[in-house]
Structures are given as structure tokens and as C-alpha cells.
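Printed here is structure_4.csv (CSV, C-alpha atoms and all ligand atoms):
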chain,number,residue,atom,x,y,z
A,5,MET,CA,32.2,46.8,-112.8
A,6,SER,CA,29.0,46.8,-114.8
A,7,ASP,CA,27.0,49.7,-116.0
A,8,THR,CA,23.5,50.6,-115.0
A,9,HIS,CA,21.0,53.5,-115.5
A,10,PHE,CA,20.6,56.6,-113.5
A,11,GLY,CA,17.6,58.0,-115.3
A,12,PHE,CA,18.7,58.3,-119.0
A,13,GLN,CA,22.4,58.4,-118.0
A,14,THR,CA,24.6,55.3,-118.0
A,15,VAL,CA,26.7,55.1,-114.8
A,16,ASP,CA,28.9,52.6,-113.1
A,17,GLU,CA,26.9,50.4,-110.8
A,18,SER,CA,29.0,51.6,-107.9
A,19,GLN,CA,27.8,55.2,-108.4
A,20,LYS,CA,24.0,54.7,-108.7
A,21,ALA,CA,23.2,54.4,-105.0
A,22,GLN,CA,25.2,57.6,-104.2
A,23,ARG,CA,23.4,59.5,-107.0
A,24,VAL,CA,20.0,58.3,-105.8
A,25,ARG,CA,20.9,59.3,-102.3
A,26,GLY,CA,21.7,62.8,-103.6
A,27,VAL,CA,18.2,63.0,-105.0
A,28,PHE,CA,16.4,62.1,-101.8
A,29,ASP,CA,18.7,64.1,-99.5
A,30,SER,CA,17.8,67.1,-101.7
A,31,VAL,CA,14.0,66.5,-101.7
A,32,ALA,CA,13.3,65.0,-98.3
A,33,SER,CA,11.9,68.1,-96.6
A,34,LYS,CA,9.6,68.9,-99.5
A,35,TYR,CA,8.8,65.2,-100.4
A,36,ASP,CA,5.2,65.1,-99.2
A,37,VAL,CA,4.0,68.4,-100.6
A,38,MET,CA,5.7,67.6,-103.9
A,39,ASN,CA,3.9,64.2,-104.0
A,40,ASP,CA,0.6,65.8,-103.6
A,41,LEU,CA,1.3,68.5,-106.2
A,42,MET,CA,2.9,66.3,-108.9
A,43,SER,CA,0.2,63.5,-108.7
A,44,MET,CA,-2.6,66.0,-107.9
A,45,GLY,CA,-3.3,63.9,-104.8
A,46,LEU,CA,-3.5,60.6,-106.7
A,47,HIS,CA,-0.6,59.0,-104.8
A,48,ARG,CA,-3.0,58.8,-101.8
A,49,ALA,CA,-5.5,56.8,-103.8
A,50,TRP,CA,-2.8,54.5,-105.2
A,51,LYS,CA,-1.5,53.8,-101.7
A,52,ALA,CA,-5.0,53.4,-100.3
A,53,TYR,CA,-5.6,50.7,-103.0
A,54,ALA,CA,-2.4,48.9,-102.0
A,55,VAL,CA,-3.4,49.0,-98.3
A,56,ALA,CA,-6.8,47.6,-99.2
A,57,VAL,CA,-5.2,44.8,-101.2
A,58,ALA,CA,-2.9,44.1,-98.3
A,59,ASN,CA,-5.9,43.5,-96.1
A,60,LEU,CA,-3.7,42.7,-93.1
A,61,ARG,CA,-5.0,40.9,-90.0
A,62,GLU,CA,-4.4,42.0,-86.5
A,63,GLY,CA,-1.1,40.7,-85.2
A,64,GLN,CA,0.6,40.3,-88.6
A,65,SER,CA,4.2,41.4,-89.3
A,66,VAL,CA,5.1,43.8,-92.1
A,67,LEU,CA,8.3,45.1,-93.5
A,68,ASP,CA,8.0,48.4,-95.4
A,69,ILE,CA,11.1,48.9,-97.6
A,70,ALA,CA,12.0,52.3,-99.0
A,71,GLY,CA,9.3,53.5,-96.7
A,72,GLY,CA,10.4,57.2,-96.9
A,73,THR,CA,8.0,59.5,-95.1
A,74,GLY,CA,5.9,56.6,-93.9
A,75,ASP,CA,2.5,56.6,-95.7
A,76,LEU,CA,2.3,52.9,-96.0
A,77,ALA,CA,3.8,52.1,-92.7
A,78,ARG,CA,1.3,54.2,-90.9
A,79,ALA,CA,-1.7,52.6,-92.7
A,80,PHE,CA,-0.3,49.1,-92.2
A,81,ALA,CA,0.2,49.8,-88.4
A,82,LYS,CA,-3.5,50.6,-88.2
A,83,GLN,CA,-4.4,47.3,-89.8
A,84,VAL,CA,-2.1,45.1,-87.7
A,85,GLY,CA,-2.9,46.9,-84.4
A,86,PRO,CA,-0.8,46.9,-81.2
A,87,LYS,CA,-0.2,43.1,-81.4
A,88,GLY,CA,1.3,43.4,-84.9
A,89,THR,CA,4.6,44.7,-86.1
A,90,VAL,CA,5.4,47.2,-88.9
A,91,VAL,CA,9.1,47.8,-89.5
A,92,HIS,CA,9.6,51.1,-91.3
A,93,THR,CA,12.9,51.2,-93.3
A,94,ASP,CA,14.7,53.2,-95.9
A,95,ILE,CA,18.3,53.5,-97.1
A,96,ASN,CA,18.1,57.3,-96.8
A,97,GLU,CA,18.4,58.9,-93.3
A,98,ALA,CA,16.9,62.2,-94.3
A,99,MET,CA,13.8,60.5,-95.7
A,100,LEU,CA,13.5,58.1,-92.7
A,101,ARG,CA,13.8,61.0,-90.3
A,102,GLN,CA,11.0,62.9,-92.0
A,103,GLY,CA,8.8,59.7,-91.8
A,104,ARG,CA,9.7,58.9,-88.2
A,105,ASP,CA,8.9,62.5,-87.1
A,106,ARG,CA,5.6,62.4,-88.9
A,107,LEU,CA,4.6,59.1,-87.3
A,108,LEU,CA,5.7,60.3,-83.9
A,109,ASP,CA,3.6,63.4,-84.3
A,110,GLU,CA,0.6,61.1,-84.9
A,111,GLY,CA,1.4,59.1,-81.8
A,112,LEU,CA,2.9,56.1,-83.7
A,113,VAL,CA,6.2,54.6,-82.5
A,114,LEU,CA,7.4,52.0,-85.1
A,115,PRO,CA,10.7,50.2,-85.3
A,116,THR,CA,12.6,52.4,-87.8
A,117,LEU,CA,15.8,51.5,-89.4
A,118,ILE,CA,18.2,52.4,-92.2
A,119,CYS,CA,18.5,49.5,-94.5
A,120,ASP,CA,19.3,48.7,-98.1
A,121,GLY,CA,16.5,46.8,-99.9
A,122,GLU,CA,19.2,44.9,-101.7
A,123,LYS,CA,20.7,43.4,-98.5
A,124,LEU,CA,18.0,43.0,-95.9
A,125,PRO,CA,19.3,42.5,-92.3
A,126,PHE,CA,16.5,40.0,-91.4
A,127,GLN,CA,16.3,36.3,-91.0
A,128,ALA,CA,14.5,34.2,-93.7
A,129,ASN,CA,10.8,33.6,-93.3
A,130,THR,CA,10.1,36.5,-90.9
A,131,PHE,CA,7.3,38.7,-92.4
A,132,ASP,CA,3.7,38.1,-93.5
A,133,LEU,CA,3.9,41.0,-95.9
A,134,VAL,CA,6.7,43.0,-97.5
A,135,SER,CA,6.0,46.3,-99.3
A,136,VAL,CA,8.0,48.6,-101.5
A,137,ALA,CA,6.3,51.7,-102.8
A,138,PHE,CA,8.0,53.8,-105.5
A,139,GLY,CA,11.3,52.5,-104.3
A,140,LEU,CA,12.3,49.5,-106.5
A,141,ARG,CA,12.8,51.9,-109.5
A,142,ASN,CA,15.7,53.5,-107.6
A,143,MET,CA,17.5,50.3,-106.7
A,144,THR,CA,20.6,49.2,-108.6
A,145,ARG,CA,20.2,45.4,-108.5
A,146,LYS,CA,16.5,44.9,-108.7
A,147,GLU,CA,16.7,41.2,-109.1
A,148,ALA,CA,18.8,40.9,-105.9
A,149,ALA,CA,16.4,43.1,-104.1
A,150,LEU,CA,13.4,41.0,-105.2
A,151,ALA,CA,15.2,37.8,-104.1
A,152,GLU,CA,15.9,39.4,-100.7
A,153,MET,CA,12.2,40.4,-100.3
A,154,ASN,CA,11.3,36.8,-101.1
A,155,ARG,CA,13.8,35.4,-98.6
A,156,VAL,CA,12.5,37.4,-95.7
A,157,LEU,CA,8.8,36.5,-96.4
A,158,LYS,CA,7.2,33.6,-94.6
A,159,PRO,CA,5.9,30.9,-97.0
A,160,GLY,CA,2.6,32.1,-98.2
A,161,GLY,CA,3.6,35.7,-97.5
A,162,ARG,CA,3.0,38.4,-100.0
A,163,LEU,CA,5.2,41.1,-101.6
A,164,LEU,CA,3.4,44.3,-102.7
A,165,VAL,CA,5.4,46.4,-105.3
A,166,LEU,CA,3.7,49.7,-106.0
A,167,GLU,CA,5.6,51.5,-108.7
A,168,PHE,CA,5.3,53.8,-111.7
A,169,SER,CA,4.8,51.7,-114.8
A,170,LYS,CA,4.0,51.8,-118.5
A,171,VAL,CA,1.0,54.1,-119.2
A,172,ALA,CA,-1.6,53.1,-121.8
A,173,GLN,CA,-0.5,54.1,-125.3
A,174,PRO,CA,-3.3,56.8,-126.0
A,175,LEU,CA,-2.1,58.7,-123.0
A,176,ALA,CA,1.6,58.4,-123.6
A,177,ARG,CA,2.2,61.7,-125.4
A,178,ALA,CA,0.3,63.8,-122.9
A,179,TYR,CA,2.0,62.0,-120.0
A,180,ASP,CA,5.5,62.5,-121.6
A,181,TRP,CA,4.8,66.2,-122.0
A,182,TYR,CA,3.6,66.5,-118.4
A,183,SER,CA,6.6,64.5,-117.1
A,184,PHE,CA,9.4,66.3,-119.0
A,185,ASN,CA,7.9,69.9,-119.0
A,186,VAL,CA,5.8,70.3,-115.9
A,187,LEU,CA,7.4,68.1,-113.3
A,188,PRO,CA,10.9,69.7,-113.4
A,189,ARG,CA,9.2,73.2,-113.2
A,190,ILE,CA,7.2,72.3,-110.2
A,191,GLY,CA,10.4,70.8,-108.7
A,192,ARG,CA,12.3,74.0,-109.3
A,193,LEU,CA,9.5,76.2,-107.9
A,194,VAL,CA,8.6,74.2,-104.8
A,195,ALA,CA,11.8,72.2,-103.9
A,196,GLY,CA,14.3,74.4,-105.6
A,197,ASP,CA,15.5,71.4,-107.5
A,198,ALA,CA,14.5,70.7,-111.2
A,199,GLU,CA,17.1,68.0,-111.7
A,200,SER,CA,15.7,65.5,-109.1
A,201,TYR,CA,12.3,65.7,-110.8
A,202,ARG,CA,13.9,65.2,-114.2
A,203,TYR,CA,15.5,62.1,-112.8
A,204,LEU,CA,12.0,61.0,-111.6
A,205,ALA,CA,10.6,61.3,-115.1
A,206,GLU,CA,13.6,59.5,-116.7
A,207,SER,CA,13.7,56.7,-114.1
A,208,ILE,CA,10.1,55.9,-114.8
A,209,ARG,CA,10.9,55.4,-118.5
A,210,MET,CA,13.8,53.1,-117.6
A,211,HIS,CA,11.8,51.0,-115.2
A,212,PRO,CA,10.6,47.5,-116.4
A,213,SER,CA,7.1,47.3,-117.8
A,214,GLN,CA,4.3,45.5,-116.0
A,215,ALA,CA,5.0,42.2,-117.8
A,216,GLU,CA,8.8,42.5,-117.3
A,217,LEU,CA,8.5,43.1,-113.6
A,218,LYS,CA,6.1,40.2,-113.3
A,219,SER,CA,8.6,38.0,-114.9
A,220,MET,CA,11.4,39.3,-112.7
A,221,MET,CA,9.3,38.5,-109.6
A,222,LYS,CA,8.6,35.0,-110.8
A,223,SER,CA,12.4,34.5,-111.4
A,224,ALA,CA,13.0,35.8,-107.8
A,225,GLY,CA,10.9,32.9,-106.5
A,226,PHE,CA,7.3,34.3,-106.4
A,227,GLY,CA,5.1,31.4,-107.5
A,228,HIS,CA,2.1,33.5,-108.3
A,229,VAL,CA,2.1,37.2,-109.3
A,230,ASP,CA,-0.9,39.4,-110.0
A,231,VAL,CA,-0.7,42.8,-111.7
A,232,HIS,CA,-3.2,45.6,-111.0
A,233,ASN,CA,-3.0,48.6,-113.3
A,234,LEU,CA,-3.9,51.9,-111.7
A,235,SER,CA,-4.7,55.2,-113.5
A,236,ALA,CA,-4.3,53.5,-116.9
A,237,GLY,CA,-0.9,52.1,-116.0
A,238,VAL,CA,0.7,55.3,-114.7
A,239,VAL,CA,1.2,53.1,-111.7
A,240,ALA,CA,1.0,49.3,-111.2
A,241,LEU,CA,0.6,47.2,-108.1
A,242,HIS,CA,2.4,43.8,-108.4
A,243,VAL,CA,1.4,41.3,-105.8
A,244,GLY,CA,3.7,38.3,-105.5
A,245,ILE,CA,3.0,35.2,-103.3
A,246,LYS,CA,5.9,33.2,-101.9
A,247,CYS,CA,4.8,29.7,-102.6
A,301,LIG,C1,10.0,57.9,-104.1
A,301,LIG,S1,10.5,57.5,-102.5
A,301,LIG,C2,9.1,56.5,-101.9
A,301,LIG,C3,8.9,56.7,-100.4
A,301,LIG,C4,7.6,56.1,-99.9
A,301,LIG,N1,7.6,54.6,-100.1
A,301,LIG,C5,6.4,56.6,-100.6
A,301,LIG,O1,5.7,55.8,-101.4
A,301,LIG,O2,6.0,57.8,-100.5
A,301,LIG,C6,11.7,56.3,-102.8
A,301,LIG,C7,12.5,55.9,-101.6
A,301,LIG,O3,13.3,54.8,-102.0
A,301,LIG,C8,14.5,54.9,-101.1
A,301,LIG,N2,15.5,54.0,-101.7
A,301,LIG,C9,16.3,54.1,-102.8
A,301,LIG,N3,17.1,53.1,-102.9
A,301,LIG,C10,16.9,52.3,-101.9
A,301,LIG,C11,17.5,51.0,-101.5
A,301,LIG,N4,18.5,50.4,-102.2
A,301,LIG,N5,17.0,50.5,-100.3
A,301,LIG,C12,16.0,51.0,-99.6
A,301,LIG,N6,15.5,52.2,-100.0
A,301,LIG,C13,15.9,52.8,-101.1
A,301,LIG,C14,14.8,56.3,-101.2
A,301,LIG,O4,15.7,56.7,-100.1
A,301,LIG,C15,13.4,57.0,-101.0
A,301,LIG,O5,13.1,57.2,-99.7

Take the structure in the file and write it out as C-alpha cells.
Ligand SMILES: C[S@@+](CC[C@H](N)C(=O)[O-])C[C@H]1O[C@@H](n2cnc3c(N)ncnc32)[C@H](O)[C@@H]1O
Amino acid sequence: MSDTHFGFQTVDESQKAQRVRGVFDSVASKYDVMNDLMSMGLHRAWKAYAVAVANLREGQSVLDIAGGTGDLARAFAKQVGPKGTVVHTDINEAMLRQGRDRLLDEGLVLPTLICDGEKLPFQANTFDLVSVAFGLRNMTRKEAALAEMNRVLKPGGRLLVLEFSKVAQPLARAYDWYSFNVLPRIGRLVAGDAESYRYLAESIRMHPSQAELKSMMKSAGFGHVDVHNLSAGVVALHVGIKC
């Protein structure tokens, strides 16, 4: 067995998914309010940017991986309309339930299924767009996941990876202070869980940089990859084209 990272800890690859599951089981019911608090609402702008870049047409088909509480799936469903398809998926049942209930409350019924981004249960060449927002960081075998995302895309289809990334150097100290001092405290006060938010801060530091992720996407078969830095690199949107 090989080792991998769970935040700053080194763990056996076979344990990571279970540890990640523990994090999202613990935070699922407070996930949305925590997102607004921690990012001061910015996650909405990052997602809106991704949706604008997606610029889907009516009738297109989309797979949202690690879709959690459904922010992207909901926005994509509006773009593709009733003739289109948005499949809302996540490996974690608690997160997916939160998302499904929210979407149902808003009158949206989407195909919703538990699935692992590293082993997608779809045929090759199925989707016009695949998205993964703040999910790739949590996966154990990121290269395998990217190859799977490539496989299920139609030729010419696009992968959108929205993820925390490497912040511009002048902001690094302030961002570290916020991440390691403030985030776990908000986590403890609001979600009763400081550890999951410490994991969040650590996992961001262990995630590949903008350039590394671009190179991983090219190795996974994306012929062209664009990188859009958002909020000085706190987040990056990578757009890969299967060609
Ligand atoms: C930070 S949340 C992001 C949720 C949503 N996409 C958003 O942007 O608000 C990360 C999600 O990744 C999911 N996840 C972690 N590992 C996964 C895997 N191997 N396959 C699919 N989803 C995974 C978690 O269950 C969790 O719901």
C-alpha cells in the first residue's frame, strides 16, 4: 500500500477516503452556513464565475462531481433547461441528502447519485461538461479521477475544476494566519468541529499549485487547459478541453 496525505498527516491510501468521509459527515448540516461565514460570501462569486465560464447551452448534459449541497448543479440546471441533464453526484450520502433536499425545496428534481469521482459509473463520451468544485483536493488518486473525468466527457467537452489554490505571495502570511487561527475557531463555534476546518486549511496547502494541476490535467488527456486565478489565487478555475 502507498502513503498519501490527509491534511498534514501521512496516512495509508486505504484510509484517506474514510477520514474524508468523517469530515463531511460531521459538517454536512452546517456546510452552507460555514461556507458563507468562512469565505465571507466569496464562494458564491467563485461559483458564479465558474457558471459564467461554463456558458452551457439548452439541452446540454452535465456531470457535477463532489456536488455536495448542489450550488453548481442548481445553476447548471437553469442553463441547460428542461431538455438538458445535470447529474448531481457525491461520494458522501449526508452531503448529497442536504443538496437533494435543498434542490427539491426549490422545485428542482435532478438525477442524484452517490458516486466516487475516482471510479465514475458512466460510459465514455457521455457529457458535454464535467465539474468538480472544491472536491478534487479531497480525492486520494487525483490522477485517476482526472482520467475518469476525461473518459466520460464527449470529444470537445470541458472539465471545470474549481479549487483552492496557491495564493499570491504578498498575501500568504495573512492568509495562513486566517486559515490556521480563525477557520478552526469558526468551525468550533458554528459546527462544533474545529478539526474538520483544520483539515480544510491543511488540505489546501497540500493541494497541487495552479501549474502542477494544469500539468496533471494535460497528462490525464486534456489537450488544452486554461487557468483563471480568482481572489489572487485563493481559488483557481482550471478549464480543460478534451481534444
Ligand atoms: C468542500 S465539499 C464541496 C461541495 C460542493 N461542490 C461545493 O462547492 O460547495 C467537497 C465534497 O467532495 C466530496 N468528495 C470527497 N471525495 C470524493 C470522491 N472521491 N468522489 C466524489 N466526491 C468526493 C465530499 O463528500 C464533499 O461533499

Closest atom pairs, chain A residues within 6 Å of ligand LIG 301 (chain A), all atoms listed in the file, as JSON lines:
{"residue": "A:Phe28", "atom": "CA", "partner": "A:LIG301", "partner_atom": "O4", "distance": 5.7}
{"residue": "A:Ile69", "atom": "CA", "partner": "A:LIG301", "partner_atom": "C12", "distance": 5.7}
{"residue": "A:Ala70", "atom": "CA", "partner": "A:LIG301", "partner_atom": "N6", "distance": 3.6}
{"residue": "A:Gly71", "atom": "CA", "partner": "A:LIG301", "partner_atom": "N1", "distance": 4.0}
{"residue": "A:Gly72", "atom": "CA", "partner": "A:LIG301", "partner_atom": "C3", "distance": 3.8}
{"residue": "A:Thr73", "atom": "CA", "partner": "A:LIG301", "partner_atom": "C4", "distance": 5.9}
{"residue": "A:Asp94", "atom": "CA", "partner": "A:LIG301", "partner_atom": "N6", "distance": 4.3}
{"residue": "A:Ile95", "atom": "CA", "partner": "A:LIG301", "partner_atom": "C12", "distance": 4.2}
{"residue": "A:Asn96", "atom": "CA", "partner": "A:LIG301", "partner_atom": "O4", "distance": 4.1}
{"residue": "A:Met99", "atom": "CA", "partner": "A:LIG301", "partner_atom": "O5", "distance": 5.2}
{"residue": "A:Cys119", "atom": "CA", "partner": "A:LIG301", "partner_atom": "C12", "distance": 5.9}
{"residue": "A:Asp120", "atom": "CA", "partner": "A:LIG301", "partner_atom": "N5", "distance": 3.7}
{"residue": "A:Gly121", "atom": "CA", "partner": "A:LIG301", "partner_atom": "N5", "distance": 3.8}
{"residue": "A:Glu122", "atom": "CA", "partner": "A:LIG301", "partner_atom": "N4", "distance": 5.6}
{"residue": "A:Ala137", "atom": "CA", "partner": "A:LIG301", "partner_atom": "N1", "distance": 4.2}
{"residue": "A:Phe138", "atom": "CA", "partner": "A:LIG301", "partner_atom": "C2", "distance": 4.6}
{"residue": "A:Gly139", "atom": "CA", "partner": "A:LIG301", "partner_atom": "O3", "distance": 3.8}
{"residue": "A:Asn142", "atom": "CA", "partner": "A:LIG301", "partner_atom": "C9", "distance": 4.9}
{"residue": "A:Met143", "atom": "CA", "partner": "A:LIG301", "partner_atom": "N4", "distance": 4.6}

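In this model, the gap between CA of Ser33 in chain A and CA of Ala98 in chain A comes to 8.1 Å.
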
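If only C-alpha atoms are the atoms counted, then among A:His9, A:Lys146, A:Arg189, A:His242 the closest residue to His228 in chain A is A:His242.
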
Please identify all polymer residues lying at most 9 Å from the point (14.0, 41.1, -98.4) (file coordinates), using all atoms listed in the file, and present the result as a list in words.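 The requested residues, written out, are Leu67, Ile69, Gly121, Glu122, Lys123, Leu124, Pro125, Phe126, Ala128, Val134, Ala148, Ala149, Leu150, Ala151, Glu152, Met153, Asn154, Arg155, Val156 and Leu157 of chain A.
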
Find the residues near Gly160 in chain A: any atom within 9 Å, counting all atoms listed in the file, skip ones fewer than 2 places away on the same chain, and give them as a PyMOL selection string. chain A and resi 132+157-158+162+245-247

Skipping near chain neighbours, those fewer than 4 positions away, what residues fall within 9 Å of Phe168 in chain A using all atoms listed in the file, listed as a PyMOL selection string? chain A and resi 138+141+208-209+211+237-241

Could you tell me which of A:Arg202, A:Arg61, A:Arg101, A:Arg48 comes closest to Pro86 in chain A if we count all atoms listed in the file?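 That would be A:Arg61, the residue with the smallest distance to Pro86 in chain A.
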
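Of the residues under consideration (A:Ala198, A:Val66, A:Ala54, A:Leu114), A:Ala54 shows the shortest atom-to-atom contact distance to His232 in chain A when counting only C-alpha atoms.
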
What's around Leu107 in chain A at 8 Å? Count all atoms listed in the file, leave out sequence neighbours fewer than 6 positions away in its own chain, and write the answer as an MDAnalysis selection string. chainID A and resid 74 78 113:114

For Glu110 in chain A, which of A:Val31, A:Leu204, A:Ala79, A:Ala176 is the closest residue, counting all atoms listed in the file?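 Counting all atoms listed in the file, the residue closest to Glu110 in chain A is A:Ala79.
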
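Take CA of Val55 in chain A and CA of Phe131 in chain A: the distance between them is 16.0 Å.
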
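Each of A:Met38, A:Ala58, A:Val27, A:Leu187 was checked against Gly161 in chain A using all atoms listed in the file; the smallest atom-to-atom distance is that of A:Ala58.
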